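What follows is a single structure, written as structure tokens, with notes after it.
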Amino acid sequence: MKIPFTDLQSQYQECKTEIDAAIEHCLHTNSFITGKDTTLFEQDMIAYTGAEACTACGSGTTALQISLKACGIGPGDEVITVSHTFVSTPEAVCTVGATPVFCDVDEYSIIDIAQAESLITERTRAILWVDLYGQTPDVDAIVALCKKYGLYSIADAAQSFGYQYKGRRVGSLADLTCISFNPVKNLGAIGDAGCVTGRKDLVDLARYYSNHGRDTKYVYEYLGYNARIDNIQARVVQAKLPYLQGWLDRKYEIAQYYHKELAGYYITPIEHDWGQHSYYVYVVEHVDRDRVRTALLEQGIQTNIHYANPAHSTPAFAPWHRSLPVTERKSANIFSIPVYPHLTDQQVEYIAEKCKDVA
Ligand SMILES: Cc1ncc(COP(=O)(O)O)c(C=O)c1O
């Protein structure tokens, strides 16, 4: 049996009618950038997340950049963030000219809040955490910490869209939340897309930064970016939104099966009880990771690593390197097995069986 790591084609086939209609709509109405379709998309995101405001943007990466700019963060400022993430998170801190201060993660693979507090200095302006793999840290605790020290709370929720923390949806929990609709995300576009949700005063600023800092057509209030969403992407994401909960529920069901089958063979993910993990990826730990991955590939099972080389250990981030023992241990041992909603029961059973055979 051959099982790819992701299967975007099956997802497309499931909602082909709606996706094709979304594309046609934009082509037939010349709706490409900004205007009514962008606004309708933002309204849908506000309704879904429960956030005060939303501005669409071109990707999760630009969502991070315009959020940091909206908080006035730049040279001389420190942002506490993690290295155990996709590179966009610390990269955005550096591209606005600020300094990333790397914090280790806990056994849930999310920011270690006690350590984050110990890293606060008079130059710290924000805590930028990541809902890695699809669940949040204890947001109430981080937001309280940010309030105590007068910091902005910024969530990188690229991997947790749809998750609810204590009944409140991701997008409404932090001062600003940065969301990615990259095609492989929980809710994916057919190219790059993203949005920022959160406090209206900050979202309004982020909107300026996404569109050249523009007020009216030729009045530039700030130095901004071209970080706008394509309307085709906005319409596609909206068209797929009604499917999201079904996909999250199916991934959760597969994950519960993996937990049961793989316990004792691998270190399996642990879940916080304040929400239903959205399983952007299902990540296990094994000390002999490379051998296990090769053996699985021989059985037709494609795996991945999220993430093999943490940012602080790479040349670009060398100036901000700190020892991060949990991040370093995890990045040496982790790998991700397929968990997408279109896997059949038979495929899921095959993956679990082979994972046990080769452990
Ligand atoms: C945690 C995290 N942050 C940021 C991003 C960047 O999102 P995008 O690819 O939409 O720029 C991604 C995914 O790609 C991600 O997984």
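Each chain in the structure tokens gets a letter, A, B, ..., in the order shown, and its residues are numbered from 1; ligands are numbered from 1 in order too.
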Residues near range 180-183 of chain A, anyone? I mean within 7 Å using only C-alpha atoms, not counting same-chain ones fewer than 6 positions away, as a PDB file with N, CA and C atoms, in the first residue's frame.
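See result-v3.pdb below for the written result:
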ATOM      1  N   SER A  59      -0.494  35.754   3.314  1.00  0.00           N
ATOM      2  CA  SER A  59       0.049  34.485   3.819  1.00  0.00           C
ATOM      3  C   SER A  59       0.138  34.564   5.342  1.00  0.00           C
ATOM      4  N   GLY A  60       0.456  33.429   5.943  1.00  0.00           N
ATOM      5  CA  GLY A  60       0.701  33.416   7.384  1.00  0.00           C
ATOM      6  C   GLY A  60       1.958  34.200   7.729  1.00  0.00           C
ATOM      7  N   ALA A 158      -1.099  29.474  12.831  1.00  0.00           N
ATOM      8  CA  ALA A 158      -1.062  28.880  11.485  1.00  0.00           C
ATOM      9  C   ALA A 158      -1.514  27.418  11.507  1.00  0.00           C
ATOM     10  N   ALA A 189      -6.108  27.353   1.313  1.00  0.00           N
ATOM     11  CA  ALA A 189      -6.452  27.983   0.038  1.00  0.00           C
ATOM     12  C   ALA A 189      -5.858  27.120  -1.088  1.00  0.00           C
ATOM     13  N   ILE A 190      -5.826  27.674  -2.298  1.00  0.00           N
ATOM     14  CA  ILE A 190      -5.166  26.952  -3.403  1.00  0.00           C
ATOM     15  C   ILE A 190      -3.889  27.701  -3.799  1.00  0.00           C
ATOM     16  N   GLY A 191      -3.297  28.309  -2.809  1.00  0.00           N
ATOM     17  CA  GLY A 191      -2.058  29.064  -2.963  1.00  0.00           C
ATOM     18  C   GLY A 191      -1.821  29.723  -1.618  1.00  0.00           C
ATOM     19  N   ASP A 192      -1.083  30.812  -1.608  1.00  0.00           N
ATOM     20  CA  ASP A 192      -0.822  31.495  -0.341  1.00  0.00           C
ATOM     21  C   ASP A 192      -2.002  32.373   0.074  1.00  0.00           C
ATOM     22  N   ALA A 193      -2.298  32.387   1.364  1.00  0.00           N
ATOM     23  CA  ALA A 193      -3.335  33.282   1.906  1.00  0.00           C
ATOM     24  C   ALA A 193      -3.230  33.268   3.429  1.00  0.00           C
ATOM     25  N   GLY A 194      -3.741  34.324   4.052  1.00  0.00           N
ATOM     26  CA  GLY A 194      -3.713  34.383   5.514  1.00  0.00           C
ATOM     27  C   GLY A 194      -4.604  35.489   6.012  1.00  0.00           C
ATOM     28  N   CYS A 195      -4.655  35.649   7.324  1.00  0.00           N
ATOM     29  CA  CYS A 195      -5.364  36.797   7.885  1.00  0.00           C
ATOM     30  C   CYS A 195      -4.859  37.068   9.294  1.00  0.00           C
TER      31      CYS A 195
END
| request: Determine, counting only C-alpha atoms, which protein, DNA and RNA residues have an atom within 9 Å of an atom of Gln135 in chain A; residues of the same chain fewer than 5 positions away are not included. Present the result as an MDAnalysis selection string. | output: chainID A and resid 108 110 130 157 159:160 163:165 271:272 275:280
Restricting the output to C-alpha atoms, write the selected residues as a PDB file, in the first residue's frame.
ATOM      1  CA  TYR A 108       3.361  19.564  24.637  1.00  0.00           C
ATOM      2  CA  ILE A 110       4.404  24.660  22.999  1.00  0.00           C
ATOM      3  CA  VAL A 130       2.898  29.195  18.330  1.00  0.00           C
ATOM      4  CA  ALA A 157      -2.155  30.107  14.901  1.00  0.00           C
ATOM      5  CA  GLN A 159      -1.564  25.299  12.691  1.00  0.00           C
ATOM      6  CA  SER A 160      -4.574  25.597  14.983  1.00  0.00           C
ATOM      7  CA  TYR A 163      -9.339  24.937  17.699  1.00  0.00           C
ATOM      8  CA  GLN A 164     -11.319  26.109  20.713  1.00  0.00           C
ATOM      9  CA  TYR A 165      -9.587  26.992  23.974  1.00  0.00           C
ATOM     10  CA  GLU A 271      -3.349  16.811  24.641  1.00  0.00           C
ATOM     11  CA  HIS A 272      -4.411  19.666  26.851  1.00  0.00           C
ATOM     12  CA  GLY A 275      -9.833  21.923  23.676  1.00  0.00           C
ATOM     13  CA  GLN A 276     -10.023  19.291  20.942  1.00  0.00           C
ATOM     14  CA  HIS A 277      -6.538  19.074  19.402  1.00  0.00           C
ATOM     15  CA  SER A 278      -6.799  19.972  15.727  1.00  0.00           C
ATOM     16  CA  TYR A 279      -3.956  17.661  14.641  1.00  0.00           C
ATOM     17  CA  TYR A 280      -2.467  19.761  11.908  1.00  0.00           C
TER      18      TYR A 280
END
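Taking the backbone of this structure through DSSP, the residues of range 167-249 of chain A that come out as strand (DSSP E or B) are A:Arg168, A:Arg169, A:Leu176, A:Thr177, A:Cys178, A:Ile179, A:Ser180, A:Gly194, A:Cys195, A:Val196, A:Thr197, A:Gly198, A:Asn211, A:Arg214, A:Tyr220, A:Asn226, A:Asp230.
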Closest atom pairs, residues of range 105-186 of chain A within 12 Å of range 328-338 of chain A, only C-alpha atoms, as a Markdown table:
| residue | atom | partner | partner_atom | distance |
| --- | --- | --- | --- | --- |
| A:Val105 | CA | A:Lys330 | CA | 9.5 |
| A:Asp106 | CA | A:Lys330 | CA | 10.1 |
| A:Glu107 | CA | A:Lys330 | CA | 9.0 |
| A:Tyr108 | CA | A:Lys330 | CA | 10.6 |
| A:Ser109 | CA | A:Lys330 | CA | 8.3 |
| A:Ile110 | CA | A:Lys330 | CA | 11.6 |
| A:Tyr133 | CA | A:Ser336 | CA | 10.0 |
Using C-alpha atoms, can you export the residues from the last selection as an mmCIF file, in the first residue's frame?
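For reference, part-v5.cif as written:
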data_model
loop_
_atom_site.group_PDB
_atom_site.id
_atom_site.type_symbol
_atom_site.label_atom_id
_atom_site.label_comp_id
_atom_site.auth_asym_id
_atom_site.auth_seq_id
_atom_site.Cartn_x
_atom_site.Cartn_y
_atom_site.Cartn_z
ATOM 1 C CA VAL A 105 8.967 24.462 24.634
ATOM 2 C CA ASP A 106 7.383 22.061 27.087
ATOM 3 C CA GLU A 107 6.451 18.418 26.559
ATOM 4 C CA TYR A 108 3.361 19.564 24.637
ATOM 5 C CA SER A 109 5.750 21.212 22.136
ATOM 6 C CA ILE A 110 4.404 24.660 22.999
ATOM 7 C CA TYR A 133 0.780 21.012 15.773
#
| Near-range 115-128 of chain A list (8 Å; only C-alpha atoms; drop same-chain fewer than 6 positions) as a list in words |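 Residues meeting the cut-off are Ile73, Gly76, Asp77, Glu78, Val79, Ile80, Thr81, Val82, Val101, Cys103, Asp104, Leu145, Cys146, Gly150, Leu151, Tyr152, Ser153, Ile154, Ala155 and Asp156 of chain A.
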| query | At what distance in Å, to one decimal, does CA of Thr85 in chain A lie from CA of Pro310 in chain A? | reply |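 These two atoms are separated by 7.1 Å.
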| range 68-277 of chain A: which residues are helix (DSSP H, G or I) by DSSP, as a VMD selection string? | chain A and resid 68 to 70 88 to 95 113 to 118 132 to 134 139 to 149 200 to 210 231 to 262
| Which distance in Å separates CA of Tyr243 in chain A and CA of Gly167 in chain A, to one decimal? |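 Computing it gives 19.5 Å between the two atoms.
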